[in-house]
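Text of structure-v2.txt, listed as compact mmCIF, C-alpha atoms:
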```
# COMPACT_ATOMS: atom_id res chain seq x y z
CA MET A 282 74.49 55.47 112.19
CA PRO A 283 75.18 56.18 108.50
CA ARG A 284 73.77 59.40 107.09
CA TRP A 285 74.08 61.58 104.03
CA ARG A 286 72.75 64.86 102.72
CA ASN A 287 70.15 64.79 99.96
CA PRO A 288 69.75 67.64 97.39
CA THR A 289 67.31 69.55 99.62
CA GLY A 290 69.90 69.81 102.39
CA TYR A 291 68.29 67.48 104.92
CA PHE A 292 70.09 64.63 106.66
CA VAL A 293 68.66 61.17 105.87
CA PHE A 294 69.28 58.30 108.26
CA GLN A 295 69.21 54.55 107.76
CA GLN A 296 66.61 53.53 110.35
CA GLY A 297 64.22 50.79 111.36
CA PRO A 298 60.47 50.67 110.49
CA GLU A 299 59.32 52.80 113.48
CA GLN A 300 61.95 55.45 112.88
CA ILE A 301 61.09 55.46 109.18
CA SER A 302 57.41 56.00 110.00
CA ARG A 303 58.22 58.94 112.24
CA GLY A 304 60.66 60.22 109.65
CA ARG A 305 57.94 60.19 107.00
CA LYS A 306 55.67 62.27 109.23
CA ALA A 307 58.46 64.77 109.75
CA GLU A 308 59.14 64.72 106.03
CA ASN A 309 55.48 65.56 105.33
CA THR A 310 55.67 68.42 107.82
CA MET A 311 58.75 69.84 106.13
CA PHE A 312 57.32 69.41 102.62
CA PHE A 313 55.95 72.94 102.46
CA PHE A 314 59.28 74.42 103.57
CA ALA A 315 61.40 72.40 101.14
CA PRO A 316 61.06 74.90 98.24
CA LEU A 317 62.68 77.58 100.39
CA PHE A 318 65.69 75.38 101.09
CA ALA A 319 65.89 74.26 97.47
CA MET A 320 65.87 77.84 96.15
CA PRO A 321 69.13 79.30 94.91
CA PHE A 322 70.60 81.63 97.49
CA TYR A 323 70.15 84.78 95.43
CA THR A 324 66.49 83.94 94.74
CA LEU A 325 65.84 83.56 98.45
CA MET A 326 67.56 86.85 99.17
CA ILE A 327 65.41 88.62 96.57
CA LEU A 328 62.29 87.10 98.16
CA TYR A 329 63.36 88.36 101.59
CA VAL A 330 64.08 91.87 100.29
CA LEU A 331 60.77 92.07 98.42
CA ALA A 332 58.84 90.91 101.48
CA ALA A 333 60.58 93.63 103.47
CA VAL A 334 60.30 96.62 101.12
CA LEU A 335 57.06 96.08 99.16
CA PRO A 336 54.76 97.20 102.03
CA ALA A 337 56.69 100.48 102.27
CA ILE A 338 56.65 100.98 98.48
CA PHE A 339 52.89 100.37 98.40
CA LEU A 340 52.26 103.00 101.08
CA MET A 341 54.66 105.49 99.45
CA ARG A 342 52.77 105.11 96.19
CA TYR A 343 49.44 105.65 97.94
CA VAL A 344 50.55 108.85 99.67
CA TYR A 345 52.27 110.10 96.49
CA ARG A 346 49.08 109.63 94.46
CA GLN A 347 47.15 111.82 96.92
CA ASP A 348 49.33 114.81 95.95
CA HIS A 349 46.97 116.23 93.32
CA ILE A 350 48.19 119.81 92.87
CA GLU A 351 51.90 119.58 92.12
CA LYS A 352 53.86 116.35 92.03
CA GLU A 353 57.19 116.38 93.85
CA PRO A 354 60.42 115.59 91.94
CA ARG A 355 61.31 111.93 92.14
CA TYR A 356 64.96 112.67 92.88
CA LEU A 357 63.84 114.56 95.98
CA LEU A 358 61.62 111.71 97.16
CA ALA A 359 64.39 109.17 96.52
CA SER A 360 66.79 111.29 98.58
CA LEU A 361 64.26 111.30 101.42
CA VAL A 362 64.02 107.51 101.36
CA LEU A 363 67.82 107.31 101.61
CA ARG A 364 67.75 109.74 104.51
CA GLY A 365 65.23 107.46 106.17
CA VAL A 366 67.78 104.66 105.90
CA ALA A 367 70.41 106.99 107.38
CA ALA A 368 67.99 107.81 110.21
CA ALA A 369 67.58 104.09 110.92
CA LEU A 370 71.33 103.58 111.08
CA ALA A 371 71.75 106.56 113.41
CA ALA A 372 68.90 105.30 115.58
CA ILE A 373 70.62 101.93 116.07
CA VAL A 374 73.61 103.63 117.70
CA LEU A 375 71.56 106.13 119.70
CA GLU A 376 69.18 103.46 120.99
CA ILE A 377 72.12 101.46 122.34
CA LEU A 378 73.35 104.54 124.19
CA ALA A 379 69.85 105.42 125.41
CA LYS A 380 69.28 101.92 126.77
CA ALA A 381 72.65 101.94 128.52
CA LEU A 382 71.79 105.24 130.22
CA LEU A 383 68.32 104.02 131.17
CA ASP A 384 69.76 100.80 132.62
CA ALA A 385 72.11 102.88 134.75
CA TRP A 386 69.25 104.91 136.23
CA VAL A 387 66.31 102.49 136.34
CA ALA A 388 66.36 98.78 137.15
CA PRO A 389 64.83 96.64 134.38
CA THR A 390 62.57 95.07 137.04
CA ASN A 391 61.04 98.47 137.79
CA PRO A 392 57.44 98.66 136.46
CA LYS A 393 58.24 102.03 134.87
CA TYR A 394 61.19 100.64 132.92
CA THR A 395 59.17 99.38 129.94
CA ILE A 396 57.33 102.67 129.50
CA LEU A 397 60.52 104.72 129.81
CA LEU A 398 62.29 102.47 127.31
CA ALA A 399 59.40 102.71 124.85
CA PHE A 400 59.09 106.50 125.02
CA LEU A 401 62.66 107.66 125.67
CA GLY A 402 64.81 104.79 124.44
CA VAL A 403 62.91 104.06 121.22
CA ALA A 404 60.22 106.57 120.23
CA ALA A 405 62.14 109.76 121.09
CA VAL A 406 65.28 108.45 119.36
CA GLU A 407 63.67 107.11 116.19
CA GLU A 408 61.34 110.06 115.62
CA GLY A 409 64.22 112.39 116.45
CA THR A 410 66.48 110.96 113.77
CA LYS A 411 63.64 111.05 111.23
CA PHE A 412 62.85 114.67 112.08
CA PHE A 413 66.51 115.67 111.89
CA PHE A 414 66.97 114.32 108.36
CA LEU A 415 63.56 115.59 107.24
CA TYR A 416 64.32 119.13 108.39
CA ARG A 417 67.86 119.18 107.01
CA ARG A 418 66.75 118.08 103.56
CA THR A 419 63.45 119.88 103.00
CA TRP A 420 63.02 123.03 105.08
CA ARG A 421 64.78 125.32 102.63
CA ASP A 422 64.05 123.32 99.49
CA PRO A 423 62.11 125.45 96.95
CA ASN A 424 59.91 122.43 96.12
CA PHE A 425 58.42 122.67 99.61
CA ASN A 426 55.62 125.06 98.62
CA PHE A 427 52.40 123.28 99.68
CA ARG A 428 51.22 121.98 103.05
CA TYR A 429 50.67 118.44 101.75
CA ASP A 430 54.32 118.34 100.68
CA ALA A 431 55.24 118.14 104.37
CA ILE A 432 53.18 114.97 104.83
CA LEU A 433 54.67 113.45 101.70
CA TYR A 434 58.23 114.26 102.79
CA ALA A 435 57.74 112.95 106.32
CA VAL A 436 56.14 109.73 105.06
CA PHE A 437 58.96 109.04 102.60
CA VAL A 438 61.62 109.52 105.28
CA SER A 439 59.68 107.36 107.72
CA LEU A 440 59.01 104.58 105.21
CA GLY A 441 62.67 104.58 104.16
CA PHE A 442 63.39 104.03 107.86
CA ALA A 443 60.71 101.33 108.09
CA ALA A 444 61.90 99.51 104.95
CA PHE A 445 65.46 99.29 106.26
CA GLU A 446 64.23 98.16 109.67
CA ASN A 447 62.00 95.57 107.99
CA VAL A 448 64.91 94.17 105.97
CA LYS A 449 66.91 93.82 109.19
CA TYR A 450 64.10 92.02 111.02
CA ILE A 451 63.15 89.67 108.18
CA PHE A 452 66.76 88.67 107.54
CA ASN A 453 67.17 87.99 111.27
CA TYR A 454 63.87 86.22 111.97
CA GLY A 455 62.68 84.98 108.59
CA LEU A 456 59.56 85.34 106.47
CA SER A 457 57.29 84.26 109.34
CA ILE A 458 57.21 87.86 110.62
CA ALA A 459 56.78 89.52 107.22
CA LEU A 460 52.98 89.61 107.27
CA SER A 461 52.63 90.97 110.81
CA ARG A 462 55.19 93.70 110.13
CA ALA A 463 53.50 94.55 106.81
CA ILE A 464 50.19 95.26 108.53
CA LEU A 465 51.49 96.71 111.80
CA ALA A 466 55.06 98.05 111.92
CA VAL A 467 55.34 99.61 108.45
CA PRO A 468 51.91 101.33 108.46
CA GLY A 469 52.64 102.36 112.04
CA HIS A 470 55.70 104.30 110.92
CA MET A 471 53.63 105.91 108.18
CA GLY A 472 50.98 106.89 110.72
CA PHE A 473 53.51 108.59 112.99
CA ALA A 474 54.90 110.42 109.95
CA VAL A 475 51.51 111.79 108.90
CA PHE A 476 51.18 113.59 112.25
CA MET A 477 54.76 114.78 111.95
CA GLY A 478 54.01 116.11 108.46
CA ILE A 479 50.81 117.91 109.44
CA PHE A 480 52.56 120.03 112.05
CA TYR A 481 55.67 120.38 109.88
CA GLY A 482 53.55 121.88 107.10
CA ARG A 483 51.86 124.26 109.53
CA ALA A 484 55.27 125.32 110.83
CA LYS A 485 56.37 126.17 107.30
CA LEU A 486 53.19 128.18 106.74
CA ARG A 487 53.73 130.12 109.99
CA PHE A 488 57.37 130.73 109.05
CA ASP A 489 56.47 132.17 105.65
CA CYS A 490 53.86 134.39 107.33
CA GLY A 491 56.53 135.79 109.64
CA ASP A 492 55.07 134.12 112.73
CA ARG A 493 58.25 132.81 114.37
CA ASN A 494 56.55 131.68 117.59
CA GLY A 495 53.91 129.79 115.65
CA CYS A 496 56.63 128.20 113.55
CA ARG A 497 58.62 127.05 116.57
CA GLY A 498 55.52 125.72 118.33
CA ASN A 499 54.47 123.65 115.34
CA LEU A 500 58.00 122.32 114.85
CA VAL A 501 57.99 121.14 118.46
CA LEU A 502 54.61 119.46 117.90
CA SER A 503 55.93 117.96 114.69
CA TYR A 504 58.41 116.06 116.84
CA LEU A 505 56.37 115.45 119.99
CA ALA A 506 53.17 114.17 118.33
CA PRO A 507 54.84 111.18 116.62
CA VAL A 508 56.93 110.49 119.75
CA LEU A 509 53.71 110.24 121.80
CA LEU A 510 52.03 107.93 119.28
CA HIS A 511 55.15 105.82 118.79
CA GLY A 512 55.65 105.56 122.54
CA VAL A 513 52.10 104.32 123.15
CA TYR A 514 52.48 101.82 120.30
CA ASP A 515 55.78 100.42 121.60
CA SER A 516 54.87 100.39 125.28
CA CYS A 517 51.76 98.32 124.52
CA CYS A 518 53.87 95.91 122.42
CA MET A 519 56.57 95.61 125.07
CA SER A 520 54.23 95.11 128.02
CA GLY A 521 52.78 91.88 126.66
CA THR A 522 49.78 91.77 129.02
CA THR A 523 46.20 91.06 127.99
CA GLN A 524 45.19 94.61 128.84
CA SER A 525 48.05 96.15 126.86
CA THR A 526 47.22 93.91 123.87
CA LEU A 527 43.61 95.08 123.87
CA ILE A 528 44.73 98.71 124.14
CA PHE A 529 47.19 98.11 121.30
CA ILE A 530 44.51 96.68 118.99
CA LEU A 531 42.15 99.58 119.72
CA PHE A 532 44.97 102.10 119.32
CA VAL A 533 46.03 100.69 115.94
CA ILE A 534 42.46 100.65 114.59
CA VAL A 535 41.78 104.23 115.67
CA MET A 536 45.15 105.48 114.39
CA TYR A 537 44.80 103.82 110.99
CA ILE A 538 41.30 105.20 110.46
CA SER A 539 42.44 108.66 111.56
CA VAL A 540 45.60 108.61 109.44
CA PHE A 541 43.92 107.70 106.16
CA ALA A 542 41.15 110.22 106.84
CA LEU A 543 43.77 112.91 107.54
CA ILE A 544 45.68 112.11 104.35
CA LYS A 545 42.56 112.55 102.25
CA HIS A 546 41.52 115.71 104.14
CA GLU A 547 44.96 117.34 103.90
CA SER A 548 45.16 116.47 100.20
CA ARG A 549 41.70 117.88 99.53
CA THR A 550 42.31 121.12 101.45
CA ASP A 551 45.93 121.62 100.40
CA THR A 552 47.14 125.23 100.29
CA PRO A 553 50.42 126.96 99.35
CA VAL A 554 52.96 127.81 102.05
```

Write out the structure in this file as structure tokens.
Amino acid sequence: MPRWRNPTGYFVFQQGPEQISRGRKAENTMFFFAPLFAMPFYTLMILYVLAAVLPAIFLMRYVYRQDHIEKEPRYLLASLVLRGVAAALAAIVLEILAKALLDAWVAPTNPKYTILLAFLGVAAVEEGTKFFFLYRRTWRDPNFNFRYDAILYAVFVSLGFAAFENVKYIFNYGLSIALSRAILAVPGHMGFAVFMGIFYGRAKLRFDCGDRNGCRGNLVLSYLAPVLLHGVYDSCCMSGTTQSTLIFILFVIVMYISVFALIKHESRTDTPV
């Protein structure tokens, strides 16, 4: 059957009346997607990148604007975003290793497998890489002189991580997932980071007061709190049952309300460290 490619990239067939009728219905269905195929390649790539990174930029801007006492240098914040990207790259490798180890110890059919994968194979790894780069870059930086700085730093690392992860997912699965990730995955990473930052700031305060035990305890909580939240989030997503979906919805609502309330409270009651 003869066929050719028209300017939109579709194949057009020479067909009888019935096939033409069905073809027209299909053509109407594809009408709304045609602009995407007709776009120049670079324009489509820009659209994908913007869909991936704009949610993270919006949240960074929001958290940055809550820092009312002393604005952080932009070069420092940019370096934290880049370290978030580095954390995401490191997490890719570590998650492969973690999953291989978990598969060797626990059968994927085991009911505990999903929970172990969510907490140990994903949450512990991702929050660990974020914490590592956060600590290495900011702990001794002289700009780290207020408690709210810790939240800001943690959020910028985490949203750098989330933006890179979002680019990867949208380029792999298309724009159809952009909205769901913009309202769930990206704010989720920010939420985990706020809890990391709260304890990180308290650790810095305890350190400057000479309380080494208090410092170590808060640093541990700075890592464990986001791991716990991230693990619950991912285990609900991975389970895929009606019950886990309901728990997930409730968890997200409560976490979002708590996170934005905590940001405003920590900004309002900010103190030097």

### Query
Which residue out of A:Ser548, A:Ala443, A:Lys411, A:Val467 has the minimum interatomic distance to A:Ser503 when all atoms listed in the file are used?
A:Lys411

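Excluding stretch 380-382 of chain A itself and same-chain residues fewer than 2 positions from it, the residues having an atom within 10 Å of it are Leu375, Glu376, Ile377, Leu378, Asp384, Ala385, Trp386, Val387, Leu397, Leu398, Leu401, Gly402 and Val403 of chain A, counting all atoms listed in the file.
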
### Query
Looking at only C-alpha atoms, which of A:Val508, A:Val533, A:Ala388, A:Arg462 is the one that sits closest to A:Tyr450?
A:Arg462

### Message
List the spatial neighbours of stretch 487-495 of chain A as an NGL selection string - criterion: any atom at most 10 Å away, all atoms listed in the file, same-chain residues fewer than 6 positions off excluded.
### Response
:A and (481 or 501 or 554)

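The residue set within 7 Å of stretch 515-526 of chain A, counting only C-alpha atoms and dropping same-chain residues fewer than 6 places from it, reads Thr395, Ile396 and Ala399 of chain A.
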
### Task
Report the distance between atom CA of A:Pro507 and atom CA of A:Glu353 in Å, rounded to one decimal place.
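Straight-line distance from atom CA of A:Pro507 to atom CA of A:Glu353 works out to 23.5 Å.
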
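Here the question is which of A:Cys496, A:Ile327, A:Leu433, A:Ala466 gets nearest to A:Gly478 using all atoms listed in the file, and that residue is A:Leu433.
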
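Note that the spacing between atom CA of A:Ile479 and atom CA of A:Tyr345 amounts to 15.2 Å.
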
### 10 Å contact set for A:Leu460, all atoms listed in the file, chain neighbours under 5 positions out, as a ChimeraX atom specification
/A:332-333,336,465-466

Emit the selected residues as a PDB file, in the coordinates of the input, including C-alpha atoms.
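The result, written out as again39.pdb:
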```
ATOM      1  CA  ALA A 332      58.840  90.910 101.480  1.00  0.00           C
ATOM      2  CA  ALA A 333      60.580  93.630 103.470  1.00  0.00           C
ATOM      3  CA  PRO A 336      54.760  97.200 102.030  1.00  0.00           C
ATOM      4  CA  LEU A 465      51.490  96.710 111.800  1.00  0.00           C
ATOM      5  CA  ALA A 466      55.060  98.050 111.920  1.00  0.00           C
TER       6      ALA A 466
END
```

### Message
Taking all atoms listed in the file into account, name the residue in A:Tyr434, A:Phe322, A:Tyr504, A:Tyr537 that is nearest to A:Gly469.
### Response
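Looking only at the distances to A:Gly469, the closest residue turns out to be A:Tyr537.
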
### Task
Tell me, in Å to one decimal, how far atom CA of A:Glu446 is from atom CA of A:Ala404.
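Separation between atom CA of A:Glu446 and atom CA of A:Ala404: 14.1 Å.
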